[in-house]
file target-v4.cif (mmCIF, C-alpha atoms and all ligand atoms)
data_work
loop_
_atom_site.group_PDB
_atom_site.id
_atom_site.type_symbol
_atom_site.label_atom_id
_atom_site.label_comp_id
_atom_site.auth_asym_id
_atom_site.auth_seq_id
_atom_site.Cartn_x
_atom_site.Cartn_y
_atom_site.Cartn_z
ATOM 1 C CA MET F 1 5.053 -25.410 -32.802
ATOM 2 C CA LEU F 2 4.926 -28.063 -30.087
ATOM 3 C CA ARG F 3 8.207 -26.746 -28.709
ATOM 4 C CA GLY F 4 6.832 -23.196 -28.421
ATOM 5 C CA PHE F 5 3.782 -24.527 -26.602
ATOM 6 C CA LEU F 6 5.944 -26.434 -24.136
ATOM 7 C CA VAL F 7 8.056 -23.362 -23.382
ATOM 8 C CA ILE F 8 4.939 -21.245 -22.711
ATOM 9 C CA PHE F 9 3.477 -24.034 -20.587
ATOM 10 C CA LEU F 10 6.679 -24.248 -18.532
ATOM 11 C CA LEU F 11 6.798 -20.470 -18.041
ATOM 12 C CA CYS F 12 3.156 -20.406 -16.914
ATOM 13 C CA THR F 13 3.795 -23.188 -14.426
ATOM 14 C CA ILE F 14 6.791 -21.337 -12.967
ATOM 15 C CA ALA F 15 4.814 -18.077 -12.818
ATOM 16 C CA ILE F 16 1.878 -19.723 -11.012
ATOM 17 C CA LEU F 17 4.185 -21.465 -8.560
ATOM 18 C CA ALA F 18 6.023 -18.203 -7.931
ATOM 19 C CA VAL F 19 2.790 -16.379 -7.076
ATOM 20 C CA PHE F 20 0.950 -19.018 -5.090
ATOM 21 C CA GLY F 21 3.908 -20.962 -3.779
ATOM 22 C CA PHE F 22 3.676 -24.494 -2.585
ATOM 23 C CA ARG F 23 0.463 -24.348 -0.675
ATOM 24 C CA GLY F 24 0.404 -26.132 2.637
ATOM 25 C CA GLN F 25 4.069 -25.422 3.330
ATOM 26 C CA THR F 26 4.942 -23.552 6.491
ATOM 27 C CA SER F 27 6.957 -20.356 6.222
ATOM 28 C CA THR F 28 8.380 -17.845 8.660
ATOM 29 C CA GLY F 29 8.076 -14.941 6.190
ATOM 30 C CA PRO F 30 5.157 -12.505 6.268
ATOM 31 C CA PRO F 31 2.199 -13.681 4.185
ATOM 32 C CA LEU F 32 1.818 -12.273 0.688
ATOM 33 C CA GLU F 33 -1.127 -9.904 0.604
ATOM 34 C CA LEU F 34 -2.329 -9.209 -2.924
ATOM 35 C CA PHE F 35 -5.225 -6.962 -1.867
ATOM 36 C CA PRO F 36 -4.690 -5.933 1.764
ATOM 37 C CA ASP F 37 -7.560 -3.429 1.489
ATOM 38 C CA MET F 38 -8.317 -2.164 4.988
ATOM 39 C CA VAL F 39 -6.991 -5.102 6.979
ATOM 40 C CA ARG F 40 -4.124 -3.035 8.337
ATOM 41 C CA GLN F 41 -4.848 0.562 9.250
ATOM 42 C CA MET F 42 -4.561 3.124 12.020
ATOM 43 C CA LYS F 43 -7.533 2.773 14.323
ATOM 44 C CA VAL F 44 -8.594 3.243 17.902
ATOM 45 C CA ARG F 45 -9.086 0.014 19.759
ATOM 46 C CA ALA F 46 -11.413 0.031 22.745
ATOM 47 C CA GLN F 47 -9.544 0.146 26.056
ATOM 48 C CA ALA F 48 -6.161 0.234 24.281
ATOM 49 C CA PRO F 49 -3.494 2.954 24.567
ATOM 50 C CA LEU F 50 -2.843 5.219 21.585
ATOM 51 C CA ASN F 51 0.036 7.609 20.997
ATOM 52 C CA PHE F 52 -2.009 9.860 18.759
ATOM 53 C CA PHE F 53 -3.334 11.904 21.694
ATOM 54 C CA ALA F 54 -1.157 13.703 24.221
ATOM 55 C CA ASP F 55 -2.566 11.766 27.161
ATOM 56 C CA GLY F 56 -1.870 8.446 25.432
ATOM 57 C CA ARG F 57 -5.474 7.300 25.742
ATOM 58 C CA GLY F 58 -7.364 5.906 22.769
ATOM 59 C CA PRO F 59 -11.007 6.292 23.815
ATOM 60 C CA ARG F 60 -11.902 9.940 24.467
ATOM 61 C CA LEU F 61 -13.983 11.413 27.274
ATOM 62 C CA PRO F 62 -17.202 13.261 26.298
ATOM 63 C CA VAL F 63 -16.720 16.988 25.667
ATOM 64 C CA ALA F 64 -17.216 19.060 28.825
ATOM 65 C CA GLY F 65 -20.854 20.069 29.236
ATOM 66 C CA THR F 66 -22.211 17.119 27.211
ATOM 67 C CA VAL F 67 -25.823 16.430 28.180
ATOM 68 C CA PRO F 68 -26.844 12.784 27.920
ATOM 69 C CA ILE F 69 -30.076 12.312 25.982
ATOM 70 C CA GLY F 70 -32.658 9.847 27.216
ATOM 71 C CA TYR F 71 -31.573 9.934 30.834
ATOM 72 C CA GLU F 72 -32.577 12.086 33.718
ATOM 73 C CA MET F 73 -32.284 15.760 32.827
ATOM 74 C CA PRO F 74 -30.351 18.114 35.090
ATOM 75 C CA THR F 75 -32.556 19.671 37.745
ATOM 76 C CA LYS F 76 -33.112 23.390 38.060
ATOM 77 C CA SER F 77 -30.437 24.009 40.659
ATOM 78 C CA GLU F 78 -27.816 22.154 38.624
ATOM 79 C CA THR F 79 -28.553 24.093 35.435
ATOM 80 C CA LEU F 80 -28.573 27.571 36.942
ATOM 81 C CA ASN F 81 -24.990 28.377 36.063
ATOM 82 C CA THR F 82 -24.912 26.725 32.656
ATOM 83 C CA SER F 83 -26.293 27.613 29.275
ATOM 84 C CA ALA F 84 -29.091 25.103 29.896
ATOM 85 C CA ALA F 85 -30.609 27.658 32.264
ATOM 86 C CA ALA F 86 -31.199 29.912 29.289
ATOM 87 C CA ILE F 87 -33.626 27.450 27.724
ATOM 88 C CA GLY F 88 -35.749 27.201 30.823
ATOM 89 C CA SER F 89 -35.845 25.417 34.109
ATOM 90 C CA TYR F 90 -38.198 22.660 32.981
ATOM 91 C CA SER F 91 -37.018 19.348 34.280
ATOM 92 C CA HIS F 92 -38.595 15.982 33.570
ATOM 93 C CA PRO F 93 -39.003 13.599 36.439
ATOM 94 C CA HIS F 94 -38.596 10.570 34.181
ATOM 95 C CA ALA F 95 -37.082 11.832 30.944
ATOM 96 C CA SER F 96 -36.704 8.925 28.557
ATOM 97 C CA PHE F 97 -37.403 7.534 25.136
ATOM 98 C CA SER F 98 -40.284 5.097 24.630
ATOM 99 C CA ALA F 99 -39.741 2.094 26.823
ATOM 100 C CA GLY F 100 -43.053 0.596 27.873
ATOM 101 C CA THR F 101 -46.172 -0.529 26.045
ATOM 102 C CA ASP F 102 -48.599 1.683 27.969
ATOM 103 C CA TYR F 103 -50.487 4.750 26.703
ATOM 104 C CA TYR F 104 -47.781 7.148 27.914
ATOM 105 C CA ASN F 105 -45.150 5.405 25.761
ATOM 106 C CA THR F 106 -47.174 4.395 22.691
ATOM 107 C CA GLY F 107 -50.312 6.557 22.440
ATOM 108 C CA LYS F 108 -52.370 3.374 22.343
ATOM 109 C CA MET F 109 -55.046 2.258 24.749
ATOM 110 C CA GLY F 110 -55.466 -1.418 23.992
ATOM 111 C CA ASP F 111 -55.782 -1.743 20.211
ATOM 112 C CA HIS F 112 -56.881 1.852 19.633
ATOM 113 C CA TRP F 113 -55.356 5.311 19.765
ATOM 114 C CA GLY F 114 -56.145 6.894 23.060
ATOM 115 C CA THR F 115 -56.600 10.567 23.731
ATOM 116 C CA GLY F 116 -55.652 12.925 26.551
ATOM 117 C CA ILE F 117 -52.312 14.302 27.771
ATOM 118 C CA PRO F 118 -50.978 11.813 30.351
ATOM 119 C CA LEU F 119 -48.988 14.553 32.114
ATOM 120 C CA GLU F 120 -50.280 17.424 34.163
ATOM 121 C CA VAL F 121 -50.765 20.288 31.711
ATOM 122 C CA THR F 122 -49.108 23.180 33.461
ATOM 123 C CA ARG F 123 -47.898 26.513 32.157
ATOM 124 C CA GLU F 124 -44.399 25.063 32.328
ATOM 125 C CA LEU F 125 -45.332 22.072 30.162
ATOM 126 C CA MET F 126 -46.967 24.394 27.626
ATOM 127 C CA GLY F 127 -43.861 26.568 27.549
ATOM 128 C CA ARG F 128 -41.711 23.503 27.006
ATOM 129 C CA GLY F 129 -44.078 22.346 24.244
ATOM 130 C CA GLN F 130 -43.908 25.724 22.520
ATOM 131 C CA GLN F 131 -40.129 25.696 22.621
ATOM 132 C CA ARG F 132 -39.874 22.090 21.344
ATOM 133 C CA PHE F 133 -42.497 22.684 18.650
ATOM 134 C CA ASN F 134 -40.645 25.727 17.375
ATOM 135 C CA ILE F 135 -37.376 23.784 17.318
ATOM 136 C CA THR F 136 -38.534 20.466 15.845
ATOM 137 C CA CYS F 137 -41.791 21.027 13.968
ATOM 138 C CA ALA F 138 -42.144 24.674 12.922
ATOM 139 C CA MET F 139 -39.624 24.600 10.066
ATOM 140 C CA CYS F 140 -41.966 22.266 8.213
ATOM 141 C CA HIS F 141 -45.422 22.777 9.712
ATOM 142 C CA GLY F 142 -45.099 26.530 10.380
ATOM 143 C CA ALA F 143 -45.097 28.466 13.658
ATOM 144 C CA ALA F 144 -48.918 28.368 13.771
ATOM 145 C CA ALA F 145 -48.992 24.772 12.415
ATOM 146 C CA ALA F 146 -50.612 25.938 9.186
ATOM 147 C CA GLY F 147 -48.316 23.847 6.970
ATOM 148 C CA ASN F 148 -46.308 26.827 5.748
ATOM 149 C CA GLY F 149 -42.880 26.350 7.313
ATOM 150 C CA ILE F 150 -39.665 27.565 5.709
ATOM 151 C CA THR F 151 -38.983 24.169 4.073
ATOM 152 C CA LYS F 152 -41.952 24.740 1.782
ATOM 153 C CA GLN F 153 -39.997 27.467 -0.013
ATOM 154 C CA TYR F 154 -37.249 24.930 -0.619
ATOM 155 C CA GLY F 155 -39.487 22.356 -2.267
ATOM 156 C CA LEU F 156 -40.936 20.193 0.517
ATOM 157 C CA ALA F 157 -44.414 20.393 -0.918
ATOM 158 C CA THR F 158 -46.188 17.599 0.934
ATOM 159 C CA VAL F 159 -46.224 19.154 4.442
ATOM 160 C CA VAL F 160 -49.772 19.090 5.804
ATOM 161 C CA SER F 161 -51.486 21.810 7.784
ATOM 162 C CA LEU F 162 -52.115 20.702 11.342
ATOM 163 C CA GLN F 163 -55.010 23.160 11.475
ATOM 164 C CA ASP F 164 -57.261 20.981 9.289
ATOM 165 C CA GLU F 165 -60.463 19.526 10.670
ATOM 166 C CA ARG F 166 -58.939 16.045 10.376
ATOM 167 C CA MET F 167 -55.935 17.025 12.517
ATOM 168 C CA ARG F 168 -58.073 18.797 15.077
ATOM 169 C CA LYS F 169 -60.160 15.661 15.470
ATOM 170 C CA MET F 170 -57.180 13.302 15.434
ATOM 171 C CA SER F 171 -56.597 11.640 18.799
ATOM 172 C CA ASP F 172 -53.585 12.686 20.852
ATOM 173 C CA GLY F 173 -52.323 9.115 20.737
ATOM 174 C CA GLU F 174 -52.205 9.053 16.933
ATOM 175 C CA ILE F 175 -50.278 12.338 16.852
ATOM 176 C CA PHE F 176 -47.937 10.902 19.475
ATOM 177 C CA ASN F 177 -47.365 7.949 17.171
ATOM 178 C CA THR F 178 -46.714 10.228 14.165
ATOM 179 C CA ILE F 179 -44.067 12.101 16.141
ATOM 180 C CA THR F 180 -42.525 8.840 17.365
ATOM 181 C CA ASN F 181 -42.541 6.834 14.138
ATOM 182 C CA GLY F 182 -43.160 9.379 11.377
ATOM 183 C CA LYS F 183 -45.779 9.116 8.665
ATOM 184 C CA ASN F 184 -45.298 8.735 4.895
ATOM 185 C CA THR F 185 -42.788 11.448 3.960
ATOM 186 C CA MET F 186 -42.387 12.725 7.538
ATOM 187 C CA MET F 187 -39.493 11.036 9.261
ATOM 188 C CA ALA F 188 -39.605 9.668 12.813
ATOM 189 C CA TYR F 189 -38.781 12.114 15.593
ATOM 190 C CA GLY F 190 -38.898 9.473 18.336
ATOM 191 C CA PRO F 191 -35.113 9.172 18.463
ATOM 192 C CA ASN F 192 -34.785 12.976 18.855
ATOM 193 C CA ILE F 193 -37.585 13.864 21.253
ATOM 194 C CA ILE F 194 -37.997 12.285 24.670
ATOM 195 C CA VAL F 195 -41.464 11.014 25.606
ATOM 196 C CA PRO F 196 -42.575 13.855 27.928
ATOM 197 C CA ASP F 197 -41.502 16.412 25.311
ATOM 198 C CA ARG F 198 -43.714 14.675 22.718
ATOM 199 C CA TRP F 199 -46.708 15.126 25.018
ATOM 200 C CA ALA F 200 -45.679 18.737 25.701
ATOM 201 C CA ILE F 201 -45.597 19.362 21.938
ATOM 202 C CA ILE F 202 -49.073 17.844 21.535
ATOM 203 C CA ALA F 203 -50.456 19.997 24.370
ATOM 204 C CA TYR F 204 -49.009 23.081 22.677
ATOM 205 C CA LEU F 205 -50.283 21.967 19.263
ATOM 206 C CA ARG F 206 -53.802 21.712 20.705
ATOM 207 C CA ALA F 207 -53.465 25.295 21.959
ATOM 208 C CA LEU F 208 -52.345 26.385 18.471
ATOM 209 C CA GLN F 209 -55.338 24.624 16.935
ATOM 210 C CA ARG F 210 -57.732 26.338 19.324
ATOM 211 C CA SER F 211 -56.138 29.702 18.700
ATOM 212 C CA GLN F 212 -56.820 29.438 14.962
ATOM 213 C CA ASN F 213 -60.318 27.995 15.240
ATOM 214 C CA ALA F 214 -61.841 30.014 18.030
ATOM 215 C CA ALA F 215 -65.466 31.115 18.072
ATOM 216 C CA ILE F 216 -66.747 34.192 19.873
ATOM 217 C CA ALA F 217 -68.272 31.832 22.451
ATOM 218 C CA ASP F 218 -64.726 30.872 23.506
ATOM 219 C CA VAL F 219 -64.063 34.415 24.707
ATOM 220 C CA PRO F 220 -65.361 35.199 28.193
ATOM 221 C CA GLU F 221 -68.234 37.712 27.952
ATOM 222 C CA ASP F 222 -66.505 40.484 29.834
ATOM 223 C CA HIS F 223 -63.567 40.336 27.380
ATOM 224 C CA ARG F 224 -65.653 40.545 24.180
ATOM 225 C CA ALA F 225 -65.951 44.328 24.266
ATOM 226 C CA GLN F 226 -62.149 44.485 24.197
ATOM 227 C CA LEU F 227 -62.091 42.370 21.017
ATOM 228 C CA ASP F 228 -64.328 44.808 19.148
ATOM 229 C CA LYS F 229 -61.946 47.647 19.846
ATOM 230 C CA GLN F 230 -59.013 45.871 18.230
HETATM 231 C C1 LIG G 301 -38.967 17.745 7.801
HETATM 232 C C2 LIG G 301 -40.298 18.233 7.819
HETATM 233 C C3 LIG G 301 -41.202 17.873 8.968
HETATM 234 C C4 LIG G 301 -40.978 18.053 10.305
HETATM 235 C C5 LIG G 301 -39.756 18.620 10.973
HETATM 236 C C6 LIG G 301 -42.175 17.605 10.969
HETATM 237 N N1 LIG G 301 -43.084 17.153 10.072
HETATM 238 FE FE1 LIG G 301 -44.956 16.490 10.491
HETATM 239 N N2 LIG G 301 -45.246 16.099 8.521
HETATM 240 C C7 LIG G 301 -44.350 16.374 7.516
HETATM 241 C C8 LIG G 301 -44.912 15.941 6.256
HETATM 242 C C9 LIG G 301 -44.225 16.074 4.907
HETATM 243 C C10 LIG G 301 -46.183 15.383 6.559
HETATM 244 C C11 LIG G 301 -47.170 14.762 5.588
HETATM 245 C C12 LIG G 301 -46.888 13.288 5.495
HETATM 246 C C13 LIG G 301 -47.810 12.645 4.495
HETATM 247 O O1 LIG G 301 -48.893 12.236 4.906
HETATM 248 O O2 LIG G 301 -47.411 12.567 3.344
HETATM 249 C C14 LIG G 301 -46.356 15.519 7.987
HETATM 250 C C15 LIG G 301 -47.485 15.085 8.670
HETATM 251 C C16 LIG G 301 -47.733 15.295 10.009
HETATM 252 C C17 LIG G 301 -48.949 14.920 10.704
HETATM 253 C C18 LIG G 301 -50.174 14.288 10.079
HETATM 254 C C19 LIG G 301 -50.029 12.805 9.986
HETATM 255 C C20 LIG G 301 -51.272 12.192 9.361
HETATM 256 O O3 LIG G 301 -51.792 11.280 9.985
HETATM 257 O O4 LIG G 301 -51.677 12.619 8.282
HETATM 258 C C21 LIG G 301 -48.787 15.295 12.002
HETATM 259 C C22 LIG G 301 -49.781 15.121 13.132
HETATM 260 C C23 LIG G 301 -47.464 15.874 12.123
HETATM 261 N N3 LIG G 301 -46.852 15.864 10.898
HETATM 262 C C24 LIG G 301 -46.949 16.378 13.288
HETATM 263 C C25 LIG G 301 -45.643 16.824 13.415
HETATM 264 C C26 LIG G 301 -45.065 17.232 14.681
HETATM 265 C C27 LIG G 301 -45.805 17.302 15.997
HETATM 266 C C28 LIG G 301 -43.774 17.570 14.415
HETATM 267 C C29 LIG G 301 -42.709 18.010 15.398
HETATM 268 C C30 LIG G 301 -42.322 17.028 16.364
HETATM 269 C C31 LIG G 301 -43.538 17.369 12.989
HETATM 270 N N4 LIG G 301 -44.692 16.918 12.433
HETATM 271 C C32 LIG G 301 -42.337 17.630 12.351
HETATM 272 C C33 LIG G 301 -43.120 16.972 7.641
HETATM 273 C C34 LIG G 301 -42.528 17.295 8.825
#
call {"tool": "encode", "arguments": {"input": "target-v4.cif", "output": "structure tokens", "more": "lines below"}}
Ligand code: HEC
result
Amino acid sequence: MLRGFLVIFLLCTIAILAVFGFRGQTSTGPPLELFPDMVRQMKVRAQAPLNFFADGRGPRLPVAGTVPIGYEMPTKSETLNTSAAAIGSYSHPHASFSAGTDYYNTGKMGDHWGTGIPLEVTRELMGRGQQRFNITCAMCHGAAAAGNGITKQYGLATVVSLQDERMRKMSDGEIFNTITNGKNTMMAYGPNIIVPDRWAIIAYLRALQRSQNAAIADVPEDHRAQLDKQ
């Protein structure tokens, strides 16, 4: 009995020594890696050559025609011969994501939401707003902002109508903040939409709201007769 125990004890000792070795001893052999996991793998190292690509470079150049987001947009003359011309010639003088703490960048005046579009509301800005709204908001809020976008059919039931009294009375700054940071189940669109585009969207949204809540008094008198005919 005791003999059997001793034999097992001796075998265990040899096995442990074989696996862990004499710790502290120097060796020229490669270290034993029981679980190498992802320590050694093919990867691109910054600024290092790589044979994987034909030109031998590891880091790749951006694809031709890549438009940087959050920097100055191409001006009209530069975009004429590219596909960007197809989406309009609107160019922002200071295209950027939120940077400052002023009304333009946060929608806040002091501690409160401010109101007013801090850009000149031109036909061009409205057109840009319409285009951006249709791209980034309409699938949820609907083309007329009535809360009936296509996602509703696929189960996104909590989308609100932006035609409600509450939304019509909501300050521009608060809407700016909702676009930038999201609200409840609506995710933040700040990382996707540059600051001037957010204001363009709000300007267009205001036009949508007016279009759905117009009174006869909003129509110039000499145009009212035309309305009756239609
Ligand atoms: C993926 C769907 C989706 C998209 C895209 C989307 N929204 Fe929303 N939005 C929602 C949902 C859902 C709510 C309701 C959030 C809640 O209160 O539960 C909402 C709420 C709002 C509100 C009301 C916030 C409040 O205070 O009650 C505003 C304003 C708004 N969205 C504006 C926009 C604008 C402008 C865009 C385009 C830049 C946009 N949304 C894009 C889903 C979306």
call {"tool": "resolve_selection", "arguments": {"input": "target-v4.cif", "expression": "the PyMOL selection byres (((not hetatm)) within 7 of (chain G and resi 301))", "output": "PDB file with C-alpha atoms, keeping the file's coordinate frame"}}
result
ATOM      1  CA  PHE F 133     -42.497  22.684  18.650  1.00  0.00           C
ATOM      2  CA  THR F 136     -38.534  20.466  15.845  1.00  0.00           C
ATOM      3  CA  CYS F 137     -41.791  21.027  13.968  1.00  0.00           C
ATOM      4  CA  ALA F 138     -42.144  24.674  12.922  1.00  0.00           C
ATOM      5  CA  MET F 139     -39.624  24.600  10.066  1.00  0.00           C
ATOM      6  CA  CYS F 140     -41.966  22.266   8.213  1.00  0.00           C
ATOM      7  CA  HIS F 141     -45.422  22.777   9.712  1.00  0.00           C
ATOM      8  CA  LEU F 156     -40.936  20.193   0.517  1.00  0.00           C
ATOM      9  CA  THR F 158     -46.188  17.599   0.934  1.00  0.00           C
ATOM     10  CA  VAL F 159     -46.224  19.154   4.442  1.00  0.00           C
ATOM     11  CA  VAL F 160     -49.772  19.090   5.804  1.00  0.00           C
ATOM     12  CA  LEU F 162     -52.115  20.702  11.342  1.00  0.00           C
ATOM     13  CA  MET F 167     -55.935  17.025  12.517  1.00  0.00           C
ATOM     14  CA  ILE F 175     -50.278  12.338  16.852  1.00  0.00           C
ATOM     15  CA  THR F 178     -46.714  10.228  14.165  1.00  0.00           C
ATOM     16  CA  ILE F 179     -44.067  12.101  16.141  1.00  0.00           C
ATOM     17  CA  LYS F 183     -45.779   9.116   8.665  1.00  0.00           C
ATOM     18  CA  ASN F 184     -45.298   8.735   4.895  1.00  0.00           C
ATOM     19  CA  THR F 185     -42.788  11.448   3.960  1.00  0.00           C
ATOM     20  CA  MET F 186     -42.387  12.725   7.538  1.00  0.00           C
ATOM     21  CA  MET F 187     -39.493  11.036   9.261  1.00  0.00           C
ATOM     22  CA  TYR F 189     -38.781  12.114  15.593  1.00  0.00           C
ATOM     23  CA  ARG F 198     -43.714  14.675  22.718  1.00  0.00           C
ATOM     24  CA  ILE F 201     -45.597  19.362  21.938  1.00  0.00           C
ATOM     25  CA  ILE F 202     -49.073  17.844  21.535  1.00  0.00           C
TER      26      ILE F 202
END
call {"tool": "residues_around", "arguments": {"input": "target-v4.cif", "residues": "F:Met109", "least_positions_apart": "6", "cutoff": "12 Å", "atoms": "all atoms listed in the file", "output": "PDB file with C-alpha atoms, in the coordinates of the input"}}
result
ATOM      1  CA  THR F 101     -46.172  -0.529  26.045  1.00  0.00           C
ATOM      2  CA  ASP F 102     -48.599   1.683  27.969  1.00  0.00           C
ATOM      3  CA  TYR F 103     -50.487   4.750  26.703  1.00  0.00           C
ATOM      4  CA  THR F 115     -56.600  10.567  23.731  1.00  0.00           C
ATOM      5  CA  GLY F 116     -55.652  12.925  26.551  1.00  0.00           C
ATOM      6  CA  PRO F 118     -50.978  11.813  30.351  1.00  0.00           C
ATOM      7  CA  SER F 171     -56.597  11.640  18.799  1.00  0.00           C
ATOM      8  CA  ASP F 172     -53.585  12.686  20.852  1.00  0.00           C
ATOM      9  CA  GLY F 173     -52.323   9.115  20.737  1.00  0.00           C
ATOM     10  CA  GLU F 174     -52.205   9.053  16.933  1.00  0.00           C
TER      11      GLU F 174
END
call {"tool": "residues_around", "arguments": {"input": "target-v4.cif", "residues": "stretch 42-45 of chain F", "least_positions_apart": "6", "cutoff": "10 Å", "atoms": "all atoms listed in the file", "output": "ChimeraX atom specification"}}
result
/F:52,57-60
call {"tool": "atom_distance", "arguments": {"input": "target-v4.cif", "atom1": "atom CA of F:Gly155", "atom2": "atom CA of F:Tyr204"}}
result
26.7 Å
call {"tool": "residues_around", "arguments": {"input": "target-v4.cif", "residues": "stretch 12-20 of chain F", "least_positions_apart": "6", "cutoff": "10 Å", "atoms": "only C-alpha atoms", "output": "list of chain:residue names"}}
result
F:Leu6, F:Leu32, F:Leu34
call {"tool": "atom_distance", "arguments": {"input": "target-v4.cif", "atom1": "atom CA of F:Ala157", "atom2": "atom CA of F:Asp197"}}
result
26.7 Å
call {"tool": "residues_around", "arguments": {"input": "target-v4.cif", "residues": "F:Thr122", "least_positions_apart": "6", "cutoff": "10 Å", "atoms": "all atoms listed in the file", "output": "CSV table (one decimal) with C-alpha atoms, in the coordinates of the input"}}
result
chain,number,residue,atom,x,y,z
F,128,ARG,CA,-41.7,23.5,27.0
F,200,ALA,CA,-45.7,18.7,25.7
F,203,ALA,CA,-50.5,20.0,24.4
call {"tool": "residues_around", "arguments": {"input": "target-v4.cif", "residues": "F:Thr180", "least_positions_apart": "3", "cutoff": "10 Å", "atoms": "only C-alpha atoms", "output": "list of chain:residue names"}}
result
F:Phe97, F:Ser98, F:Asn105, F:Thr106, F:Gly107, F:Glu174, F:Ile175, F:Phe176, F:Asn177, F:Lys183, F:Met187, F:Ala188, F:Tyr189, F:Gly190, F:Pro191, F:Asn192, F:Ile193, F:Ile194, F:Val195, F:Arg198
call {"tool": "write_last_selection", "arguments": {"input": "target-v4.cif", "atoms": "C-alpha atoms", "output": "mmCIF file, in the frame of the given file"}}
result
data_model
loop_
_atom_site.group_PDB
_atom_site.id
_atom_site.type_symbol
_atom_site.label_atom_id
_atom_site.label_comp_id
_atom_site.auth_asym_id
_atom_site.auth_seq_id
_atom_site.Cartn_x
_atom_site.Cartn_y
_atom_site.Cartn_z
ATOM 1 C CA PHE F 97 -37.403 7.534 25.136
ATOM 2 C CA SER F 98 -40.284 5.097 24.630
ATOM 3 C CA ASN F 105 -45.150 5.405 25.761
ATOM 4 C CA THR F 106 -47.174 4.395 22.691
ATOM 5 C CA GLY F 107 -50.312 6.557 22.440
ATOM 6 C CA GLU F 174 -52.205 9.053 16.933
ATOM 7 C CA ILE F 175 -50.278 12.338 16.852
ATOM 8 C CA PHE F 176 -47.937 10.902 19.475
ATOM 9 C CA ASN F 177 -47.365 7.949 17.171
ATOM 10 C CA LYS F 183 -45.779 9.116 8.665
ATOM 11 C CA MET F 187 -39.493 11.036 9.261
ATOM 12 C CA ALA F 188 -39.605 9.668 12.813
ATOM 13 C CA TYR F 189 -38.781 12.114 15.593
ATOM 14 C CA GLY F 190 -38.898 9.473 18.336
ATOM 15 C CA PRO F 191 -35.113 9.172 18.463
ATOM 16 C CA ASN F 192 -34.785 12.976 18.855
ATOM 17 C CA ILE F 193 -37.585 13.864 21.253
ATOM 18 C CA ILE F 194 -37.997 12.285 24.670
ATOM 19 C CA VAL F 195 -41.464 11.014 25.606
ATOM 20 C CA ARG F 198 -43.714 14.675 22.718
#
call {"tool": "closest_residue", "arguments": {"input": "target-v4.cif", "among": "F:Pro196, F:Ile135, F:Ala225, F:Phe9", "to": "F:Glu120", "atoms": "all atoms listed in the file"}}
result
F:Pro196
call {"tool": "atom_distance", "arguments": {"input": "target-v4.cif", "atom1": "atom CA of F:Arg206", "atom2": "atom CA of F:Gly142"}}
result
14.3 Å
call {"tool": "build_atoms", "arguments": {"input": "target-v4.cif", "residues": "stretch 125-134 of chain F", "atoms": "N, CA, C and O atoms", "output": "short mmCIF file (atom, residue, chain, number, x, y, z; two decimals), in the coordinates of the input"}}
result
data_model
loop_
_atom_site.label_atom_id
_atom_site.label_comp_id
_atom_site.auth_asym_id
_atom_site.auth_seq_id
_atom_site.Cartn_x
_atom_site.Cartn_y
_atom_site.Cartn_z
N LEU F 125 -45.28 23.08 31.23
CA LEU F 125 -45.33 22.07 30.16
C LEU F 125 -45.65 22.73 28.83
O LEU F 125 -45.05 22.42 27.80
N MET F 126 -46.60 23.68 28.84
CA MET F 126 -46.97 24.39 27.63
C MET F 126 -45.78 25.16 27.07
O MET F 126 -45.53 25.16 25.87
N GLY F 127 -45.03 25.81 27.98
CA GLY F 127 -43.86 26.57 27.55
C GLY F 127 -42.83 25.65 26.91
O GLY F 127 -42.24 25.97 25.88
N ARG F 128 -42.64 24.50 27.54
CA ARG F 128 -41.71 23.50 27.01
C ARG F 128 -42.19 23.03 25.62
O ARG F 128 -41.41 22.90 24.69
N GLY F 129 -43.50 22.80 25.51
CA GLY F 129 -44.08 22.35 24.24
C GLY F 129 -43.87 23.38 23.15
O GLY F 129 -43.51 23.04 22.02
N GLN F 130 -44.08 24.64 23.50
CA GLN F 130 -43.91 25.72 22.52
C GLN F 130 -42.46 25.76 22.01
O GLN F 130 -42.20 25.81 20.82
N GLN F 131 -41.54 25.65 22.98
CA GLN F 131 -40.13 25.70 22.62
C GLN F 131 -39.76 24.51 21.74
O GLN F 131 -39.11 24.66 20.70
N ARG F 132 -40.20 23.30 22.12
CA ARG F 132 -39.87 22.09 21.34
C ARG F 132 -40.55 22.12 19.97
O ARG F 132 -39.98 21.68 18.98
N PHE F 133 -41.79 22.60 19.94
CA PHE F 133 -42.50 22.68 18.65
C PHE F 133 -41.74 23.61 17.71
O PHE F 133 -41.51 23.29 16.54
N ASN F 134 -41.34 24.77 18.23
CA ASN F 134 -40.65 25.73 17.38
C ASN F 134 -39.30 25.19 16.91
O ASN F 134 -38.84 25.53 15.82
#
